[in-house]
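Visitor: PDB, C-alpha atoms, file final-v4.pdb:
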```pdb
MODEL        1
ATOM      1  CA  MET A   1     -12.239  27.096  14.749
ATOM      2  CA  ASN A   2      -9.491  25.333  12.806
ATOM      3  CA  ARG A   3      -6.917  23.451  14.870
ATOM      4  CA  PHE A   4      -4.166  23.609  12.262
ATOM      5  CA  GLU A   5      -2.688  26.247  10.011
ATOM      6  CA  PRO A   6      -4.518  26.636   6.677
ATOM      7  CA  ARG A   7      -2.086  24.647   4.535
ATOM      8  CA  ILE A   8      -2.315  21.677   6.914
ATOM      9  CA  GLU A   9      -6.111  21.909   6.988
ATOM     10  CA  VAL A  10      -6.087  21.738   3.190
ATOM     11  CA  ALA A  11      -3.715  18.754   3.254
ATOM     12  CA  ILE A  12      -5.921  16.956   5.791
ATOM     13  CA  ALA A  13      -9.041  17.545   3.688
ATOM     14  CA  ARG A  14      -7.335  16.243   0.555
ATOM     15  CA  THR A  15      -6.012  13.183   2.362
ATOM     16  CA  ARG A  16      -9.456  12.434   3.814
ATOM     17  CA  ALA A  17     -11.011  12.583   0.343
ATOM     18  CA  GLU A  18      -8.300  10.417  -1.204
ATOM     19  CA  VAL A  19      -8.406   7.750   1.501
ATOM     20  CA  ALA A  20     -12.213   7.544   1.351
ATOM     21  CA  ARG A  21     -12.105   7.227  -2.448
ATOM     22  CA  LEU A  22      -9.431   4.542  -2.391
ATOM     23  CA  HIS A  23     -11.469   2.308  -0.082
ATOM     24  CA  LYS A  24     -14.149   2.207  -2.742
ATOM     25  CA  THR A  25     -11.440   1.461  -5.310
ATOM     26  CA  LEU A  26     -10.326  -1.538  -3.241
ATOM     27  CA  GLN A  27     -13.889  -2.784  -3.037
ATOM     28  CA  ARG A  28     -14.560  -2.396  -6.759
ATOM     29  CA  GLY A  29     -11.300  -4.181  -7.518
ATOM     30  CA  GLY A  30     -12.330  -7.212  -5.450
ATOM     31  CA  LEU A  31      -9.493  -6.747  -2.962
ATOM     32  CA  VAL A  32     -11.746  -6.352   0.098
ATOM     33  CA  SER A  33     -15.231  -7.296   1.222
ATOM     34  CA  TRP A  34     -17.682  -6.078   3.846
ATOM     35  CA  THR A  35     -15.681  -4.196   6.512
ATOM     36  CA  SER A  36     -12.293  -5.826   5.928
ATOM     37  CA  GLY A  37      -9.310  -4.014   4.470
ATOM     38  CA  VAL A  38      -7.820  -0.661   5.416
ATOM     39  CA  VAL A  39      -6.209   2.238   3.565
ATOM     40  CA  SER A  40      -4.362   5.008   5.371
ATOM     41  CA  GLY A  41      -2.587   8.085   4.050
ATOM     42  CA  ARG A  42       0.027  10.345   5.596
ATOM     43  CA  VAL A  43      -0.896  14.043   5.753
ATOM     44  CA  PRO A  44       1.863  15.917   3.872
ATOM     45  CA  GLY A  45       3.692  18.398   6.075
ATOM     46  CA  ALA A  46       2.307  17.070   9.367
ATOM     47  CA  GLU A  47       2.938  14.241  11.828
ATOM     48  CA  LEU A  48      -0.534  12.892  11.117
ATOM     49  CA  PHE A  49      -2.304  10.313   8.999
ATOM     50  CA  VAL A  50      -5.871   9.517   7.996
ATOM     51  CA  ILE A  51      -7.312   6.023   8.371
ATOM     52  CA  LYS A  52     -10.602   4.194   7.958
ATOM     53  CA  PRO A  53     -12.834   3.944  11.040
ATOM     54  CA  GLY A  54     -13.373   0.476  12.423
ATOM     55  CA  GLY A  55     -16.507  -1.544  11.737
ATOM     56  CA  LEU A  56     -17.900   0.397   8.774
ATOM     57  CA  ASP A  57     -18.698  -1.102   5.395
ATOM     58  CA  HIS A  58     -16.772   0.464   2.532
ATOM     59  CA  SER A  59     -19.997   1.781   1.006
ATOM     60  CA  GLU A  60     -20.597   3.833   4.178
ATOM     61  CA  LEU A  61     -17.293   5.677   4.042
ATOM     62  CA  SER A  62     -16.960   9.381   3.305
ATOM     63  CA  PRO A  63     -14.183  11.947   3.866
ATOM     64  CA  GLU A  64     -15.722  13.291   7.070
ATOM     65  CA  ARG A  65     -15.961   9.780   8.547
ATOM     66  CA  MET A  66     -12.238   9.140   8.145
ATOM     67  CA  VAL A  67     -10.282   9.291  11.401
ATOM     68  CA  LEU A  68      -7.343  11.672  11.887
ATOM     69  CA  VAL A  69      -4.554  10.069  13.913
ATOM     70  CA  ASP A  70      -1.093  11.113  15.095
ATOM     71  CA  LEU A  71       2.014   9.011  14.460
ATOM     72  CA  ASP A  72       1.632   7.329  17.851
ATOM     73  CA  GLY A  73      -1.766   6.035  16.752
ATOM     74  CA  HIS A  74      -3.816   8.409  18.924
ATOM     75  CA  VAL A  75      -7.007   9.921  17.540
ATOM     76  CA  VAL A  76      -6.930  13.709  17.211
ATOM     77  CA  GLU A  77      -9.940  14.571  19.349
ATOM     78  CA  GLY A  78     -12.441  17.152  18.193
ATOM     79  CA  THR A  79     -11.833  16.507  14.491
ATOM     80  CA  PRO A  80     -14.396  15.010  12.080
ATOM     81  CA  GLY A  81     -14.625  11.255  12.575
ATOM     82  CA  SER A  82     -12.991  11.344  16.020
ATOM     83  CA  GLU A  83     -16.135   9.993  17.681
ATOM     84  CA  GLN A  84     -15.405   6.633  16.015
ATOM     85  CA  PRO A  85     -12.468   4.358  16.814
ATOM     86  CA  PRO A  86      -9.916   3.862  14.042
ATOM     87  CA  SER A  87      -9.410   0.478  12.426
ATOM     88  CA  ARG A  88      -7.933  -2.127  14.747
ATOM     89  CA  GLY A  89      -4.618  -2.215  12.906
ATOM     90  CA  VAL A  90      -3.927   1.480  13.480
ATOM     91  CA  ALA A  91      -0.803   0.685  15.532
ATOM     92  CA  VAL A  92       0.706  -1.209  12.578
ATOM     93  CA  HIS A  93       0.133   1.766  10.278
ATOM     94  CA  ALA A  94       1.510   4.217  12.848
ATOM     95  CA  ARG A  95       4.681   2.165  13.321
ATOM     96  CA  LEU A  96       5.290   2.011   9.568
ATOM     97  CA  TYR A  97       4.949   5.796   9.217
ATOM     98  CA  ARG A  98       7.303   6.382  12.142
ATOM     99  CA  GLU A  99       9.887   3.933  10.850
ATOM    100  CA  ASP A 100      10.081   5.267   7.290
ATOM    101  CA  PRO A 101       9.307   8.909   6.399
ATOM    102  CA  ALA A 102       9.231   7.913   2.707
ATOM    103  CA  ILE A 103       6.055   5.900   3.306
ATOM    104  CA  GLY A 104       3.033   8.042   2.498
ATOM    105  CA  GLY A 105       0.373   5.341   2.301
ATOM    106  CA  VAL A 106      -0.328   1.911   3.789
ATOM    107  CA  VAL A 107      -2.875  -0.694   2.692
ATOM    108  CA  HIS A 108      -3.958  -3.886   4.436
ATOM    109  CA  THR A 109      -6.091  -6.438   2.596
ATOM    110  CA  HIS A 110      -7.304 -10.009   2.840
ATOM    111  CA  SER A 111      -7.444 -10.432  -0.940
ATOM    112  CA  PRO A 112      -7.982 -14.138  -1.682
ATOM    113  CA  TYR A 113      -4.917 -15.202  -3.659
ATOM    114  CA  ALA A 114      -2.407 -13.209  -1.612
ATOM    115  CA  THR A 115      -4.048 -14.483   1.568
ATOM    116  CA  ALA A 116      -3.794 -18.069   0.299
ATOM    117  CA  PHE A 117      -0.017 -17.641   0.159
ATOM    118  CA  ALA A 118      -0.069 -16.020   3.610
ATOM    119  CA  LEU A 119      -2.039 -18.941   5.044
ATOM    120  CA  ARG A 120       0.628 -21.313   3.772
ATOM    121  CA  GLY A 121       3.394 -19.052   5.064
ATOM    122  CA  GLU A 122       4.816 -19.058   1.544
ATOM    123  CA  PRO A 123       6.377 -16.037  -0.205
ATOM    124  CA  VAL A 124       5.002 -15.174  -3.626
ATOM    125  CA  PRO A 125       7.924 -16.313  -5.797
ATOM    126  CA  CYS A 126       9.543 -14.100  -8.398
ATOM    127  CA  VAL A 127       8.637 -16.283 -11.365
ATOM    128  CA  ALA A 128       6.845 -13.667 -13.460
ATOM    129  CA  ALA A 129       7.783 -10.331 -14.969
ATOM    130  CA  ILE A 130       5.053  -8.552 -12.983
ATOM    131  CA  VAL A 131       6.725  -9.572  -9.702
ATOM    132  CA  ALA A 132      10.204  -8.556 -10.842
ATOM    133  CA  ASP A 133       8.986  -5.316 -12.377
ATOM    134  CA  GLU A 134       6.932  -4.073  -9.442
ATOM    135  CA  PHE A 135       8.546  -5.726  -6.421
ATOM    136  CA  GLY A 136      12.122  -6.509  -7.430
ATOM    137  CA  GLY A 137      11.986 -10.037  -6.050
ATOM    138  CA  PRO A 138       9.713 -12.405  -4.126
ATOM    139  CA  ILE A 139       7.087 -10.971  -1.784
ATOM    140  CA  PRO A 140       8.215 -12.063   1.696
ATOM    141  CA  VAL A 141       6.293 -13.395   4.682
ATOM    142  CA  VAL A 142       6.255 -11.758   8.125
ATOM    143  CA  ALA A 143       5.243 -13.765  11.196
ATOM    144  CA  TYR A 144       1.858 -12.858  12.660
ATOM    145  CA  ALA A 145       2.906 -12.779  16.305
ATOM    146  CA  GLY A 146       2.892 -10.249  19.111
ATOM    147  CA  PRO A 147       0.973  -6.987  19.549
ATOM    148  CA  ASP A 148       0.283  -4.759  16.553
ATOM    149  CA  GLU A 149       3.141  -2.425  17.457
ATOM    150  CA  GLU A 150       5.613  -5.306  17.150
ATOM    151  CA  ILE A 151       4.009  -6.570  13.955
ATOM    152  CA  GLY A 152       4.421  -3.094  12.469
ATOM    153  CA  GLY A 153       8.082  -3.122  13.458
ATOM    154  CA  ALA A 154       8.596  -6.538  11.863
ATOM    155  CA  ILE A 155       6.946  -5.384   8.633
ATOM    156  CA  ALA A 156       9.059  -2.210   8.587
ATOM    157  CA  ALA A 157      12.265  -4.191   9.119
ATOM    158  CA  THR A 158      11.360  -6.623   6.341
ATOM    159  CA  LEU A 159      10.562  -3.818   3.901
ATOM    160  CA  ALA A 160      13.816  -2.027   4.746
ATOM    161  CA  ALA A 161      15.858  -5.162   4.072
ATOM    162  CA  GLN A 162      14.684  -5.814   0.520
ATOM    163  CA  ARG A 163      13.053  -4.174  -2.487
ATOM    164  CA  SER A 164       9.470  -5.339  -2.210
ATOM    165  CA  ARG A 165       6.895  -2.752  -1.201
ATOM    166  CA  ALA A 166       4.529  -5.469  -0.011
ATOM    167  CA  VAL A 167       4.635  -8.295   2.515
ATOM    168  CA  LEU A 168       2.422 -11.213   3.434
ATOM    169  CA  LEU A 169       1.365 -11.397   7.070
ATOM    170  CA  GLU A 170       1.393 -15.089   7.941
ATOM    171  CA  ARG A 171      -2.037 -16.643   8.521
ATOM    172  CA  HIS A 172      -3.650 -13.252   7.982
ATOM    173  CA  GLY A 173      -3.336 -11.214   4.772
ATOM    174  CA  ALA A 174      -1.126  -8.642   3.087
ATOM    175  CA  TYR A 175       0.341  -5.186   3.679
ATOM    176  CA  ALA A 176       1.566  -2.826   0.973
ATOM    177  CA  VAL A 177       3.140   0.618   1.157
ATOM    178  CA  GLY A 178       3.847   3.485  -1.209
ATOM    179  CA  ALA A 179       4.870   7.114  -1.380
ATOM    180  CA  ALA A 180       1.165   7.970  -1.286
ATOM    181  CA  ALA A 181      -2.005   6.046  -0.496
ATOM    182  CA  ARG A 182      -2.720   5.500  -4.190
ATOM    183  CA  ASP A 183       0.712   3.928  -4.695
ATOM    184  CA  ALA A 184       0.068   1.527  -1.818
ATOM    185  CA  VAL A 185      -3.279   0.524  -3.356
ATOM    186  CA  ARG A 186      -1.531  -0.127  -6.658
ATOM    187  CA  ALA A 187       1.018  -2.350  -4.883
ATOM    188  CA  ALA A 188      -1.759  -4.302  -3.136
ATOM    189  CA  ALA A 189      -3.587  -4.780  -6.437
ATOM    190  CA  LEU A 190      -0.489  -5.980  -8.263
ATOM    191  CA  LEU A 191       0.411  -8.299  -5.389
ATOM    192  CA  GLU A 192      -2.991  -9.951  -5.756
ATOM    193  CA  ASP A 193      -2.540 -10.207  -9.533
ATOM    194  CA  ALA A 194       0.875 -11.807  -9.071
ATOM    195  CA  ALA A 195      -0.374 -14.296  -6.466
ATOM    196  CA  ARG A 196      -3.306 -15.240  -8.687
ATOM    197  CA  ALA A 197      -1.087 -15.749 -11.737
ATOM    198  CA  VAL A 198       1.307 -18.015  -9.835
ATOM    199  CA  GLN A 199      -1.540 -20.024  -8.319
ATOM    200  CA  LEU A 200      -3.237 -20.551 -11.685
ATOM    201  CA  ALA A 201       0.037 -21.443 -13.398
ATOM    202  CA  ARG A 202       0.801 -24.054 -10.759
ATOM    203  CA  ALA A 203      -2.636 -25.597 -11.198
ATOM    204  CA  GLY A 204      -1.828 -26.317 -14.847
ATOM    205  CA  LEU A 205       1.513 -27.999 -14.214
ATOM    206  CA  PRO A 206       1.983 -31.747 -14.569
ATOM    207  CA  GLU A 207       2.422 -33.648 -11.322
ATOM    208  CA  GLY A 208       5.759 -32.752  -9.776
ATOM    209  CA  GLY A 209       6.240 -29.817 -12.145
ATOM    210  CA  THR A 210       7.685 -26.515 -10.942
ATOM    211  CA  ILE A 211       8.106 -22.968 -12.202
ATOM    212  CA  GLU A 212      11.669 -21.759 -11.929
ATOM    213  CA  PRO A 213      12.329 -18.259 -10.533
ATOM    214  CA  LEU A 214      13.528 -15.603 -12.950
ATOM    215  CA  ALA A 215      17.291 -15.165 -13.121
ATOM    216  CA  ALA A 216      18.644 -12.443 -10.826
ATOM    217  CA  ASP A 217      19.978 -10.323 -13.690
ATOM    218  CA  ILE A 218      16.565 -10.324 -15.373
ATOM    219  CA  VAL A 219      14.858  -9.367 -12.101
ATOM    220  CA  ASP A 220      17.304  -6.503 -11.590
ATOM    221  CA  ALA A 221      16.899  -5.235 -15.149
ATOM    222  CA  LEU A 222      13.098  -5.277 -15.028
ATOM    223  CA  HIS A 223      12.900  -3.606 -11.631
ATOM    224  CA  GLU A 224      15.474  -0.942 -12.436
ATOM    225  CA  ARG A 225      13.639  -0.170 -15.679
ATOM    226  CA  ARG A 226      10.439   0.368 -13.693
ATOM    227  CA  LEU A 227      12.181   2.674 -11.226
ATOM    228  CA  ARG A 228      13.744   4.711 -14.037
ATOM    229  CA  SER A 229      10.450   4.983 -15.866
ATOM    230  CA  ASP A 230       8.594   6.164 -12.780
ATOM    231  CA  ALA A 231      11.344   8.628 -11.840
ATOM    232  CA  GLU A 232      11.431  10.085 -15.353
ATOM    233  CA  ARG A 233       7.670  10.503 -15.385
ATOM    234  CA  VAL A 234       7.644  12.181 -11.972
ATOM    235  CA  ALA A 235      10.415  14.552 -13.113
ATOM    236  CA  GLU A 236       8.542  15.343 -16.321
ATOM    237  CA  LEU A 237       5.342  16.183 -14.481
ATOM    238  CA  ALA A 238       7.221  18.213 -11.865
ATOM    239  CA  THR A 239       8.796  20.286 -14.642
ATOM    240  CA  VAL A 240       5.384  21.424 -15.832
ATOM    241  CA  GLY A 241       4.172  21.882 -12.278
ATOM    242  CA  SER A 242       1.466  19.246 -12.406
ATOM    243  CA  TYR A 243       2.764  16.787  -9.844
ATOM    244  CA  PRO A 244       4.225  17.419  -6.371
ATOM    245  CA  THR A 245       7.583  15.806  -5.686
ATOM    246  CA  SER A 246       8.110  16.479  -2.009
ATOM    247  CA  ARG A 247       9.588  13.040  -1.390
ATOM    248  CA  PRO A 248      12.981  12.274  -2.927
ATOM    249  CA  GLY A 249      13.901   8.805  -4.114
ATOM    250  CA  THR A 250      14.706   6.385  -1.328
ATOM    251  CA  ALA A 251      17.831   4.244  -1.457
ATOM    252  CA  ARG A 252      17.057   0.538  -1.602
ATOM    253  CA  PRO A 253      19.288  -2.367  -0.543
ATOM    254  CA  SER A 254      20.641  -2.964  -4.045
ATOM    255  CA  GLY A 255      21.659   0.683  -4.396
ATOM    256  CA  GLU A 256      18.979   1.848  -6.824
ATOM    257  CA  THR A 257      16.642   4.661  -5.903
ATOM    258  CA  GLY A 258      12.923   4.988  -6.184
ATOM    259  CA  SER A 259      10.207   6.730  -4.229
ATOM    260  CA  TRP A 260       7.529   4.066  -4.776
ATOM    261  CA  THR A 261       5.666   6.899  -6.504
ATOM    262  CA  THR A 262       3.414   6.239  -9.455
ATOM    263  CA  PRO A 263       1.899   9.418 -10.895
ATOM    264  CA  GLU A 264      -1.765   8.956 -11.683
ATOM    265  CA  SER A 265      -1.220   9.883 -15.307
ATOM    266  CA  ILE A 266       1.159   6.957 -15.876
ATOM    267  CA  SER A 267      -1.892   4.763 -16.291
ATOM    268  CA  SER A 268      -5.210   5.529 -17.884
ATOM    269  CA  THR A 269      -6.807   2.575 -16.110
ATOM    270  CA  PRO A 270      -9.984   3.685 -14.296
ATOM    271  CA  ASP A 271     -10.288   3.181 -10.548
ATOM    272  CA  ASN A 272     -12.810   0.394 -10.970
ATOM    273  CA  ASP A 273     -10.181  -1.641 -12.809
ATOM    274  CA  VAL A 274      -7.255  -0.972 -10.499
ATOM    275  CA  ARG A 275      -6.077  -4.582 -10.498
ATOM    276  CA  ASN A 276      -5.064  -4.247 -14.129
ATOM    277  CA  THR A 277      -2.866  -1.191 -13.531
ATOM    278  CA  GLN A 278       0.695  -1.880 -14.664
TER     279      GLN A 278
ENDMDL
END
```
Using the file provided, produce a representation of the structure as structure tokens.
Guide:
Amino acid sequence: MNRFEPRIEVAIARTRAEVARLHKTLQRGGLVSWTSGVVSGRVPGAELFVIKPGGLDHSELSPERMVLVDLDGHVVEGTPGSEQPPSRGVAVHARLYREDPAIGGVVHTHSPYATAFALRGEPVPCVAAIVADEFGGPIPVVAYAGPDEEIGGAIAATLAAQRSRAVLLERHGAYAVGAAARDAVRAAALLEDAARAVQLARAGLPEGGTIEPLAADIVDALHERRLRSDAERVAELATVGSYPTSRPGTARPSGETGSWTTPESISSTPDNDVRNTQ
């Protein structure tokens, strides 16, 4: 017997399939290894989300093994996957969903270049167009201190205060969010690309050399262009009925709007090359 009305059951099934698929995308993109890394996705129309079970290798994941959780981080008993505990960071994900209804997906990785910055407690600087375009400024660092609930609150507060849709968790790894799970995976992939580019560029500098941040007006122009492009594409697809637009644009600190939504058709890049999606 179904526990939810039919439309919610359909939404849960679709979210399970998407979250399971995206874990394999993370693995193929080199953003995770073994059992590390977590994707979660909000169930549209319900106070629920789907998350990876703890302790399973990404190759073992399937839709029915995903865990259905409420926004307090409690497993919905009697549903597929409920016999397994969710990933240990479930409280962080739950807090982010509660704090911002515009967040539809959360990703946590220990990708090597982003984690190198996190280990140093250093933000990824906005020295390249990819950082300005996708994140609207440097990717900030959040202290890794306190229980997961508090860490989730600190991440949410940091995201709300600036334009980046990703943060570095000091001495730990990275978190990225989006309007859907796929958008969060894209943000995590581009964060890793940006961190790698900065690291490699620094390695080629003469002793004492530095890379200057992009000027603020250039950062604003690049980021606003990205938001306009995404919004126009979402509107175009909505007009022909091929893309759901249930989440309106979210006001950001600088006044621009954007839902962190990247329609799949914006890029033709296959899932096994997600780190090159731009």
Visitor: Quick one: residues within 8 Å of stretch 170-186 of chain A, all atoms listed in the file, excluding same-chain residues fewer than 2 positions away - as a ChimeraX atom specification?
Guide: /A:18-19,22,26,39-42,102-111,114-115,118-121,141-144,165-168,188-190,247,259-262,274-275,277
Visitor: Applying 12 Å and all atoms listed in the file, which residues near A:Gly136 remain after dropping the ones on its own chain fewer than 3 positions away? List them as a PyMOL selection string.
Guide: chain A and resi 124-133+139-140+159+162-166+214-227+252-254+256+258+260
Visitor: In Å, with one decimal, what is the gap from atom CA of A:Ser87 to atom CA of A:Leu56?
Guide: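 Computed distance, atom CA of A:Ser87 to atom CA of A:Leu56, equals 9.2 Å.
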Visitor: Identify all residues satisfying the PyMOL selection byres ((chain A and resi 197-201) around 9) in the given file; provide them as an NGL selection string.
Guide: :A and (113 or 117 or 124-125 or 127-128 or 192-196 or 202-205 or 211)
Visitor: Enclose all atoms of stretch 50-59 of chain A listed in the file in an axis-aligned box, grow every side by 5 Å, and hand back centre and edge lengths in Å to one decimal, as AutoDock Vina command-line options.
Guide:
```
--center_x -12.9 --center_y 4.0 --center_z 6.7 --size_x 24.1 --size_y 21.1 --size_z 21.4
```
Visitor: Using all atoms listed in the file, which residue out of A:Arg16, A:Glu134, A:Asp57, A:Gly37 lies closest to A:Val90?
Guide: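 With all atoms listed in the file as the atom set, the closest residue is A:Gly37.
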